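Engineer: One file is attached below, query_39.txt, containing compact mmCIF, C-alpha atoms and all ligand atoms.
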# COMPACT_ATOMS: atom_id res chain seq x y z
CA MET A 1 92.86 111.97 114.67
CA SER A 2 94.48 111.30 111.35
CA GLU A 3 97.52 113.08 109.96
CA LYS A 4 98.51 113.28 106.33
CA VAL A 5 101.34 111.52 104.47
CA GLY A 6 101.49 113.08 101.02
CA SER A 7 97.85 113.60 100.08
CA ALA A 8 96.45 110.61 101.99
CA PRO A 9 95.20 110.79 105.60
CA VAL A 10 96.94 108.32 107.91
CA THR A 11 95.75 106.87 111.21
CA THR A 12 96.66 104.19 113.73
CA ASP A 13 93.10 104.07 115.11
CA PRO A 14 91.16 100.89 114.21
CA ASP A 15 87.82 102.56 115.04
CA GLU A 16 88.47 105.29 112.50
CA ALA A 17 89.42 102.71 109.85
CA ALA A 18 86.31 100.60 110.56
CA ALA A 19 84.09 103.68 110.37
CA VAL A 20 85.48 104.70 106.97
CA LEU A 21 84.97 101.13 105.66
CA ALA A 22 81.42 100.98 107.05
CA ALA A 23 80.64 104.27 105.30
CA GLY A 24 81.72 102.76 101.95
CA GLY A 25 85.24 104.21 101.89
CA ILE A 26 88.46 102.50 100.82
CA VAL A 27 91.25 102.07 103.34
CA ALA A 28 94.84 100.84 102.92
CA ILE A 29 95.37 98.21 105.61
CA PRO A 30 98.57 96.62 106.93
CA THR A 31 99.02 92.85 106.80
CA GLU A 32 102.00 90.61 107.51
CA THR A 33 102.58 90.24 103.72
CA VAL A 34 101.97 93.58 101.95
CA TYR A 35 99.54 96.50 102.39
CA GLY A 36 96.06 95.80 101.03
CA LEU A 37 93.49 98.21 99.62
CA ALA A 38 90.33 97.32 101.52
CA ALA A 39 86.61 97.82 100.93
CA ASP A 40 83.59 96.34 102.70
CA ALA A 41 82.88 93.26 100.58
CA THR A 42 79.12 93.80 100.90
CA GLN A 43 79.15 97.29 99.34
CA PRO A 44 79.27 97.07 95.53
CA MET A 45 80.16 100.72 94.97
CA ALA A 46 83.11 100.48 97.34
CA VAL A 47 84.31 97.25 95.69
CA GLU A 48 83.98 98.86 92.25
CA ARG A 49 86.11 101.77 93.41
CA ILE A 50 88.92 99.33 94.27
CA PHE A 51 89.04 98.17 90.65
CA THR A 52 88.94 101.76 89.38
CA VAL A 53 91.64 103.08 91.71
CA LYS A 54 93.95 100.14 91.02
CA GLY A 55 93.24 100.21 87.26
CA ARG A 56 92.56 96.50 87.59
CA PRO A 57 90.46 94.53 85.05
CA SER A 58 87.07 93.67 86.57
CA ASP A 59 87.47 89.93 85.94
CA HIS A 60 90.51 89.70 88.24
CA PRO A 61 89.11 88.27 91.49
CA LEU A 62 89.94 89.77 94.89
CA ILE A 63 90.91 88.04 98.14
CA LEU A 64 88.42 88.26 101.04
CA HIS A 65 90.07 89.03 104.37
CA VAL A 66 88.39 87.72 107.52
CA ALA A 67 89.05 88.30 111.22
CA ASP A 68 89.04 84.68 112.38
CA THR A 69 89.30 81.10 111.15
CA VAL A 70 85.60 80.40 111.85
CA ASP A 71 84.60 83.22 109.50
CA LEU A 72 85.59 81.06 106.54
CA HIS A 73 82.28 79.25 106.95
CA ASP A 74 80.31 82.50 106.40
CA VAL A 75 81.80 83.09 102.95
CA ALA A 76 82.24 79.51 101.69
CA ALA A 77 79.42 77.41 100.23
CA ARG A 78 81.38 74.37 101.39
CA VAL A 79 84.67 74.00 103.23
CA PRO A 80 86.59 70.98 101.91
CA ASP A 81 88.65 68.98 104.34
CA THR A 82 91.84 70.22 102.71
CA ALA A 83 90.90 73.88 103.24
CA GLN A 84 89.96 73.20 106.85
CA ARG A 85 93.34 71.59 107.50
CA LEU A 86 95.21 74.46 105.91
CA VAL A 87 93.43 77.21 107.80
CA GLU A 88 93.87 75.36 111.08
CA ALA A 89 97.58 75.01 110.38
CA PHE A 90 98.34 78.48 109.02
CA TRP A 91 95.70 81.07 110.01
CA PRO A 92 96.15 83.78 110.93
CA GLY A 93 98.92 83.82 108.36
CA PRO A 94 100.15 84.29 104.80
CA LEU A 95 97.98 81.68 103.07
CA SER A 96 94.85 82.17 100.95
CA VAL A 97 92.51 79.25 100.23
CA ILE A 98 90.19 79.10 97.24
CA VAL A 99 86.83 77.49 98.01
CA SER A 100 83.37 77.57 96.44
CA ALA A 101 81.72 80.91 97.27
CA ALA A 102 78.57 81.26 99.39
CA ASP A 103 75.63 82.89 97.56
CA SER A 104 76.02 85.90 99.83
CA VAL A 105 79.50 86.70 98.44
CA SER A 106 79.31 89.44 95.81
CA ARG A 107 80.32 88.16 92.36
CA LEU A 108 81.88 91.57 91.85
CA ALA A 109 84.53 90.54 94.37
CA THR A 110 85.10 87.16 92.73
CA GLY A 111 85.42 88.58 89.22
CA GLY A 112 82.22 86.74 88.29
CA ARG A 113 83.41 83.35 89.56
CA ASP A 114 81.66 80.93 91.88
CA THR A 115 84.89 80.41 93.80
CA VAL A 116 86.44 82.80 96.28
CA ALA A 117 89.91 83.31 97.76
CA VAL A 118 89.91 83.88 101.53
CA ARG A 119 92.57 84.64 104.08
CA CYS A 120 92.94 85.72 107.70
CA PRO A 121 95.91 88.11 107.93
CA ASP A 122 98.34 87.80 110.83
CA HIS A 123 98.10 91.44 111.85
CA ASP A 124 96.40 92.41 115.12
CA LEU A 125 95.53 95.97 114.12
CA THR A 126 93.84 94.86 110.91
CA ARG A 127 92.05 91.98 112.63
CA SER A 128 90.65 94.42 115.17
CA VAL A 129 89.34 96.58 112.30
CA LEU A 130 87.67 93.50 110.79
CA ARG A 131 86.08 92.62 114.13
CA ARG A 132 84.77 96.16 114.58
CA LEU A 133 83.37 96.17 111.02
CA GLY A 134 81.84 92.73 111.60
CA ARG A 135 82.21 91.73 107.94
CA ALA A 136 84.89 90.59 105.51
CA VAL A 137 86.77 93.09 103.35
CA VAL A 138 88.17 92.59 99.88
CA ALA A 139 91.82 93.64 99.73
CA PRO A 140 94.10 93.41 96.74
CA SER A 141 97.63 94.72 97.21
CA ALA A 142 97.51 98.53 97.53
CA ASN A 143 99.40 99.36 94.32
CA ARG A 144 98.35 100.38 90.82
CA PHE A 145 97.75 97.38 88.57
CA GLY A 146 100.95 95.60 87.52
CA ARG A 147 103.21 97.64 89.78
CA VAL A 148 105.33 96.75 92.81
CA SER A 149 103.34 95.91 95.97
CA PRO A 150 103.66 98.26 98.97
CA THR A 151 105.20 97.21 102.28
CA THR A 152 105.03 100.58 104.11
CA PRO A 153 102.42 103.36 104.46
CA ALA A 154 104.79 105.66 102.53
CA HIS A 155 104.78 103.25 99.55
CA VAL A 156 100.97 103.31 99.53
CA ALA A 157 100.91 107.11 99.63
CA GLU A 158 103.49 107.34 96.82
CA ASP A 159 101.52 105.05 94.55
CA LEU A 160 97.85 105.81 95.34
CA GLY A 161 98.07 109.25 97.01
CA GLY A 162 94.73 110.99 97.40
CA ASP A 163 92.80 108.13 95.78
CA VAL A 164 92.55 106.30 99.11
CA ASP A 165 90.30 107.63 101.86
CA LEU A 166 92.59 106.54 104.68
CA ILE A 167 95.84 104.67 105.34
CA LEU A 168 95.94 102.56 108.49
CA ASP A 169 99.55 102.68 109.66
CA GLY A 170 100.62 99.31 111.04
CA GLY A 171 104.31 99.81 110.36
CA ARG A 172 106.41 97.86 107.90
CA CYS A 173 105.05 94.49 106.72
CA ARG A 174 106.84 91.61 108.42
CA ILE A 175 107.09 89.13 105.54
CA GLY A 176 107.16 91.38 102.49
CA VAL A 177 105.76 89.15 99.73
CA GLU A 178 102.12 88.14 99.20
CA SER A 179 100.28 85.13 100.58
CA SER A 180 100.54 81.66 99.05
CA ILE A 181 97.31 80.82 97.19
CA VAL A 182 96.03 77.24 97.30
CA ASP A 183 93.05 76.14 95.20
CA CYS A 184 91.12 73.72 97.42
CA THR A 185 88.30 73.22 94.89
CA VAL A 186 90.45 70.62 93.12
CA ASP A 187 91.87 67.38 94.46
CA PRO A 188 94.75 67.30 95.09
CA PRO A 189 94.85 71.02 95.89
CA GLN A 190 96.96 73.20 93.62
CA LEU A 191 99.39 75.98 94.51
CA LEU A 192 98.41 78.93 92.32
CA ARG A 193 100.89 81.42 93.78
CA PRO A 194 103.97 80.68 95.91
CA GLY A 195 104.08 83.04 98.89
CA GLY A 196 104.55 83.41 102.62
CA VAL A 197 103.94 79.72 103.42
CA SER A 198 106.25 77.27 101.63
CA ALA A 199 104.92 74.52 99.34
CA GLU A 200 106.73 72.02 101.58
CA ALA A 201 104.91 73.23 104.72
CA ILE A 202 101.58 73.14 102.86
CA GLU A 203 102.16 69.56 101.71
CA LYS A 204 103.12 68.55 105.23
CA ALA A 205 99.91 70.03 106.69
CA LEU A 206 97.84 68.30 104.00
CA ALA A 207 99.76 65.03 104.32
CA GLN A 208 99.44 65.04 100.55
CA ARG A 209 101.36 66.29 97.51
CA LEU A 210 100.09 69.44 95.80
CA ALA A 211 99.09 69.13 92.14
CA ASP A 212 101.65 70.43 89.67
CA ALA A 213 100.94 74.01 88.68
CA GLN A 214 100.33 73.74 84.96
CA GLY A 215 97.77 74.41 82.29
CA PRO A 216 96.16 77.80 81.65
CA VAL A 217 96.61 80.63 84.12
CA ARG A 218 94.24 79.55 86.89
CA ALA A 219 94.61 82.70 88.97
CA PRO A 220 93.80 85.65 86.74
CA GLY A 221 96.19 88.40 87.60
CA MET A 222 99.08 85.98 87.79
CA LEU A 223 100.24 87.42 84.49
CA GLU A 224 103.83 86.99 83.51
CA SER A 225 104.48 90.71 83.63
CA HIS A 226 103.67 91.93 87.10
CA TYR A 227 105.25 93.39 90.20
CA ALA A 228 107.20 95.50 87.75
CA PRO A 229 109.27 98.60 88.48
CA SER A 230 109.89 100.91 85.51
CA CYS A 231 113.57 100.02 85.15
CA ARG A 232 114.44 96.86 83.22
CA ILE A 233 115.30 93.78 85.30
CA LEU A 234 117.64 91.06 84.16
CA LEU A 235 117.94 87.80 86.11
CA GLU A 236 121.25 85.97 86.14
CA ALA A 237 121.55 82.85 88.29
CA ASP A 238 125.34 82.82 88.03
CA ALA A 239 126.91 85.60 90.16
CA MET A 240 130.13 85.73 88.09
CA ARG A 241 128.21 86.19 84.87
CA ALA A 242 126.01 88.80 86.53
CA ARG A 243 129.09 90.83 87.48
CA ARG A 244 130.49 90.55 83.98
CA ARG A 245 127.18 91.72 82.54
CA VAL A 246 127.16 94.76 84.83
CA ARG A 247 130.74 95.66 83.80
CA ASP A 248 129.88 95.39 80.11
CA GLU A 249 126.75 97.51 80.45
CA VAL A 250 128.57 100.17 82.47
CA ALA A 251 131.32 100.20 79.84
CA SER A 252 128.73 101.01 77.21
CA GLY A 253 127.53 103.97 79.21
CA ARG A 254 124.35 102.58 80.75
CA ARG A 255 123.18 103.17 84.33
CA VAL A 256 123.33 99.66 85.75
CA GLU A 257 123.41 98.15 89.22
CA LEU A 258 123.82 94.66 90.61
CA LEU A 259 121.43 93.25 93.21
CA ASP A 260 123.09 90.26 94.83
CA PRO A 261 122.55 90.65 98.58
CA GLN A 262 124.05 87.84 100.60
CA VAL A 263 121.09 87.58 102.95
CA THR A 264 118.63 84.97 104.22
CA GLU A 265 115.48 84.20 102.25
CA GLU A 266 113.49 86.00 104.98
CA MET A 267 115.48 89.21 104.44
CA TRP A 268 115.18 88.84 100.68
CA ALA A 269 111.39 88.68 100.96
CA HIS A 270 111.27 91.44 103.58
CA HIS A 271 113.19 93.91 101.37
CA LEU A 272 112.41 92.76 97.82
CA TYR A 273 109.77 95.35 96.88
CA GLU A 274 111.64 98.14 98.64
CA TRP A 275 114.79 97.31 96.63
CA LEU A 276 112.82 97.35 93.38
CA ARG A 277 111.28 100.72 94.29
CA GLU A 278 114.68 102.16 95.19
CA ALA A 279 116.13 101.02 91.88
CA ASP A 280 113.34 103.00 90.20
CA GLY A 281 114.14 106.02 92.34
CA ARG A 282 117.75 105.97 91.11
CA ASP A 283 116.53 106.08 87.52
CA LEU A 284 118.51 103.03 86.39
CA ASP A 285 118.47 101.63 82.86
CA LEU A 286 118.97 98.12 84.14
CA LEU A 287 119.07 96.18 87.40
CA VAL A 288 120.91 92.86 87.18
CA VAL A 289 119.63 90.49 89.88
CA VAL A 290 121.03 87.22 91.20
CA PRO A 291 117.90 85.49 92.58
CA PRO A 292 118.12 83.54 95.84
CA PRO A 293 118.39 79.75 95.48
CA GLY A 294 116.39 77.25 97.52
CA GLU A 295 112.83 76.50 98.56
CA GLY A 296 110.35 78.27 100.86
CA LEU A 297 110.31 82.07 100.70
CA ALA A 298 113.13 81.99 98.16
CA ALA A 299 110.70 80.35 95.71
CA ALA A 300 108.21 83.19 96.26
CA VAL A 301 110.96 85.77 95.74
CA ARG A 302 112.05 84.09 92.48
CA ASP A 303 108.44 84.00 91.29
CA ARG A 304 108.03 87.78 91.83
CA LEU A 305 111.43 88.53 90.31
CA SER A 306 110.68 86.58 87.14
CA ARG A 307 107.40 88.46 86.75
CA ALA A 308 109.17 91.77 87.34
CA ALA A 309 111.77 90.77 84.74
CA ALA A 310 109.04 89.96 82.21
CA GLY A 311 108.53 93.73 81.98
CA ARG A 312 105.35 95.53 81.13
O1 LIG A 401 99.16 88.67 100.70
C1 LIG A 401 98.18 88.88 99.98
O2 LIG A 401 97.48 87.96 99.53
C2 LIG A 401 97.82 90.35 99.66
C3 LIG A 401 97.45 91.04 100.96
C4 LIG A 401 96.94 92.45 100.75
O3 LIG A 401 96.52 90.27 101.67
N1 LIG A 401 96.78 90.44 98.68
C5 LIG A 401 96.99 90.18 97.36
O4 LIG A 401 95.88 90.41 96.55
O5 LIG A 401 98.05 89.80 96.92
P1 LIG A 401 95.99 90.58 94.96
O6 LIG A 401 94.64 91.04 94.55
O7 LIG A 401 97.13 91.49 94.62
O8 LIG A 401 96.21 89.15 94.43
C6 LIG A 401 95.14 88.23 94.48
C7 LIG A 401 95.41 87.02 93.63
C8 LIG A 401 95.23 87.32 92.15
O9 LIG A 401 96.30 86.73 91.42
C9 LIG A 401 93.92 86.64 91.84
O10 LIG A 401 93.83 86.24 90.53
C10 LIG A 401 93.92 85.46 92.80
O11 LIG A 401 94.45 86.02 93.97
N2 LIG A 401 92.55 85.01 93.08
C11 LIG A 401 91.63 85.60 93.87
N3 LIG A 401 90.47 84.93 93.86
C12 LIG A 401 90.64 83.88 93.04
C13 LIG A 401 89.79 82.82 92.59
N4 LIG A 401 88.53 82.71 92.98
N5 LIG A 401 90.32 81.91 91.73
C14 LIG A 401 91.60 82.01 91.32
N6 LIG A 401 92.44 83.00 91.70
C15 LIG A 401 91.97 83.93 92.54
MG MG A 402 98.81 92.42 93.72
Translate the structure of the given file into structure tokens.
Structural biologist:
Amino acid sequence: MSEKVGSAPVTTDPDEAAAVLAAGGIVAIPTETVYGLAADATQPMAVERIFTVKGRPSDHPLILHVADTVDLHDVAARVPDTAQRLVEAFWPGPLSVIVSAADSVSRLATGGRDTVAVRCPDHDLTRSVLRRLGRAVVAPSANRFGRVSPTTPAHVAEDLGGDVDLILDGGRCRIGVESSIVDCTVDPPQLLRPGGVSAEAIEKALAQRLADAQGPVRAPGMLESHYAPSCRILLEADAMRARRRVRDEVASGRRVELLDPQVTEEMWAHHLYEWLREADGRDLDLLVVVPPPGEGLAAAVRDRLSRAAAGR
């Protein structure tokens, strides 16, 4: 039986979640990256509701989530060698591949495109829901458009409240930032969004360099301003200068804090969205952030921070 957190019913029962999805409902699901807002990809009305609830433009494509690596072949018109290598190396895990979409994939889910992003999340509870449903779900992050992604059931309830039919409680997300997105329809493949799998690990699995990310925004939704809390964010790579900036701002009467945690890149990613939410909760005018240096997850954290700093 489900309980309620805020105005949203919460469960830990995969059968209940699968039943709500099968009936055309929308369910917040846990993954190893962030919570997703899921709908049965074959039900147009359910998919449309995802766009409405998120306030997301209808041409922003969604990621299909599948239970197993083999399921990629059901939703892809063709699986390039590069995509096959990547899913064998990293699925289940925080990596989405873009491939040409099978005719059976709703163009509502792909934002009208003939390509589709697919991933197999590394979360047993969610994979058991997908197996029970027997179909892929679409699942964007379970936040309102442009806002900070949720990493706990409470975050989902805060942001979406009664607009979701059910929250599947799988605890706190292990990684904390979204999947890496690799476009495998081009050669060499291109990294469209840095995320849970590092560019270095992707290149190693491909035995090939990724194409430079350049040109027009290839992944719609990767807008500059995104992942944004309501308080202003200022990035300062130099810790001394960041401290000086905080002192000056405080001296002029503003509510300012410094975010410069001396933690590993894993902890940075794990807590990033929670820290941004908490800064909002304290009603700050400004949060001065010293981003983590280095590759891997640190690159994903810097990407999200620079989008958050771009404001809304
Ligand atoms: O970790 C994740 O990937 C999370 C969890 C819930 O799985 N999901 C997620 O979904 O981050 P969302 O909707 O917040 O971000 C999806 C991104 C968007 O930037 C979108 O433009 C891009 O994927 N995308 C999806 N399909 C695409 C396609 N066919 N071509 C280019 N970009 C695509
Ligand atoms: Mg998102």
Engineer: Considering all atoms listed in the file, can you say which of A:Arg107, A:Arg135, A:Arg254, A:His60 comes closest to ligand MG 402 (chain A)?
Structural biologist: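 Among A:Arg107, A:Arg135, A:Arg254, A:His60, it is A:His60 that comes nearest to ligand MG 402 (chain A).
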Engineer: Give one line per residue of chain A that approaches ligand LIG 401 (chain A) to at most 7 Å, naming the two atoms of the closest pair and their distance in Å to one decimal, counting all atoms listed in the file; sort by chain then ascending residue number and deliver it as a Markdown table.
Structural biologist:
| residue | atom | partner | partner_atom | distance |
| --- | --- | --- | --- | --- |
| A:Thr31 | CA | A:LIG401 | O3 | 6.3 |
| A:Thr33 | CA | A:LIG401 | O1 | 4.8 |
| A:Val34 | CA | A:LIG401 | C3 | 5.3 |
| A:Tyr35 | CA | A:LIG401 | C4 | 5.1 |
| A:Gly36 | CA | A:LIG401 | C4 | 3.5 |
| A:Leu37 | CA | A:LIG401 | C4 | 6.8 |
| A:His60 | CA | A:LIG401 | O10 | 5.3 |
| A:Pro61 | CA | A:LIG401 | N3 | 4.3 |
| A:Leu62 | CA | A:LIG401 | C11 | 4.6 |
| A:Ile63 | CA | A:LIG401 | C11 | 5.0 |
| A:Pro94 | CA | A:LIG401 | O1 | 6.1 |
| A:Ser96 | CA | A:LIG401 | O2 | 6.5 |
| A:Ile98 | CA | A:LIG401 | N4 | 5.8 |
| A:Thr110 | CA | A:LIG401 | N4 | 5.6 |
| A:Arg113 | CA | A:LIG401 | N4 | 6.2 |
| A:Thr115 | CA | A:LIG401 | N4 | 4.4 |
| A:Val116 | CA | A:LIG401 | N4 | 3.9 |
| A:Ala117 | CA | A:LIG401 | N3 | 4.3 |
| A:Pro121 | CA | A:LIG401 | O3 | 6.7 |
| A:Ala139 | CA | A:LIG401 | C4 | 5.4 |
| A:Pro140 | CA | A:LIG401 | O6 | 3.3 |
| A:Ser141 | CA | A:LIG401 | O7 | 4.2 |
| A:Ala142 | CA | A:LIG401 | C4 | 6.9 |
| A:Val177 | CA | A:LIG401 | O1 | 6.7 |
| A:Glu178 | CA | A:LIG401 | O1 | 3.4 |
| A:Ser179 | CA | A:LIG401 | O1 | 3.7 |
| A:Ile181 | CA | A:LIG401 | O11 | 6.8 |
| A:Arg218 | CA | A:LIG401 | C14 | 5.7 |
| A:Ala219 | CA | A:LIG401 | N6 | 3.5 |
| A:Pro220 | CA | A:LIG401 | O10 | 3.8 |
| A:Gly221 | CA | A:LIG401 | O9 | 4.2 |
| A:Met222 | CA | A:LIG401 | O9 | 4.6 |
Engineer: From the list A:Arg307, A:Arg78, A:Arg232, A:Arg131, which residue is nearest ligand MG 402 (chain A) when using only C-alpha atoms and all ligand atoms?
Structural biologist: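 Closest residue, counting only C-alpha atoms and all ligand atoms: A:Arg307.
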Engineer: In Å, with one decimal, what is the gap from atom CA of A:Pro153 to atom CA of A:Leu125?
Structural biologist: 14.0 Å
Engineer: Using all atoms listed in the file, which of the listed residues (A:Leu86, A:Val301, A:Val148, A:Ala205) sits closest to ligand MG 402 (chain A)?
Structural biologist: A:Val148
Engineer: Name the closest residue to A:Phe145 among the candidates A:Gly195, A:Gly112, A:Gly171, A:Pro229; distances are taken between atoms, counting only C-alpha atoms.
Structural biologist: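 Of the candidates, the smallest distance to A:Phe145 is held by A:Pro229.
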Engineer: Which neighbours of A:Val10 fall inside 12 Å, counting all atoms listed in the file, when residues of the same chain fewer than 5 positions from it are skipped, and could you give them as a list of chain:residue names?
Structural biologist: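 With the cut-off at 12 Å, the set is A:Met1, A:Ser2, A:Glu3, A:Lys4, A:Val5, A:Glu16, A:Ala17, A:Val27, A:Ala28, A:Ile29, A:Pro30, A:Thr152, A:Pro153, A:Ala154, A:Val156, A:Ala157, A:Gly161, A:Gly162, A:Val164, A:Asp165, A:Leu166, A:Ile167, A:Leu168, A:Asp169, A:Gly170, A:Gly171.
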Engineer: Taking all atoms listed in the file into account, which of A:Val99, A:Ile175, A:Ala239, A:Val118 comes nearest A:Pro189?
Structural biologist: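 For A:Pro189, the nearest of the candidates is A:Val99.
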Engineer: So how many Å separate atom CA of A:Arg255 and atom CA of A:Pro292, to one decimal?
Structural biologist: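 The value is 23.3 Å.
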Engineer: Given only C-alpha atoms and all ligand atoms as the basis, pick out the residue of A:Ala251, A:Ala201, A:Ala228, A:Ala279 nearest to ligand MG 402 (chain A).
Structural biologist: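 Of the candidates, the smallest distance to ligand MG 402 (chain A) is held by A:Ala228.
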Engineer: Would you compute the distance between atom CA of A:Val137 and atom CA of A:Val75? Give it in Å to one decimal.
Structural biologist: 11.2 Å
Engineer: Within 12 Å of (113.4, 74.5, 97.6) (file coordinates; all atoms listed in the file), which protein or nucleic acid residues are there? I'd like them as a PyMOL selection string.
Structural biologist: chain A and resi 194+198-201+265+292-302
Engineer: With 4 Å on each side, where is the centre of the axis-aligned box around all listed atoms of stretch 50-58 of chain A, and how long are its edges in Å to one decimal, as lines of an AutoDock Vina configuration file?
Structural biologist:
center_x = 90.5
center_y = 98.4
center_z = 89.7
size_x = 14.9
size_y = 17.4
size_z = 17.2
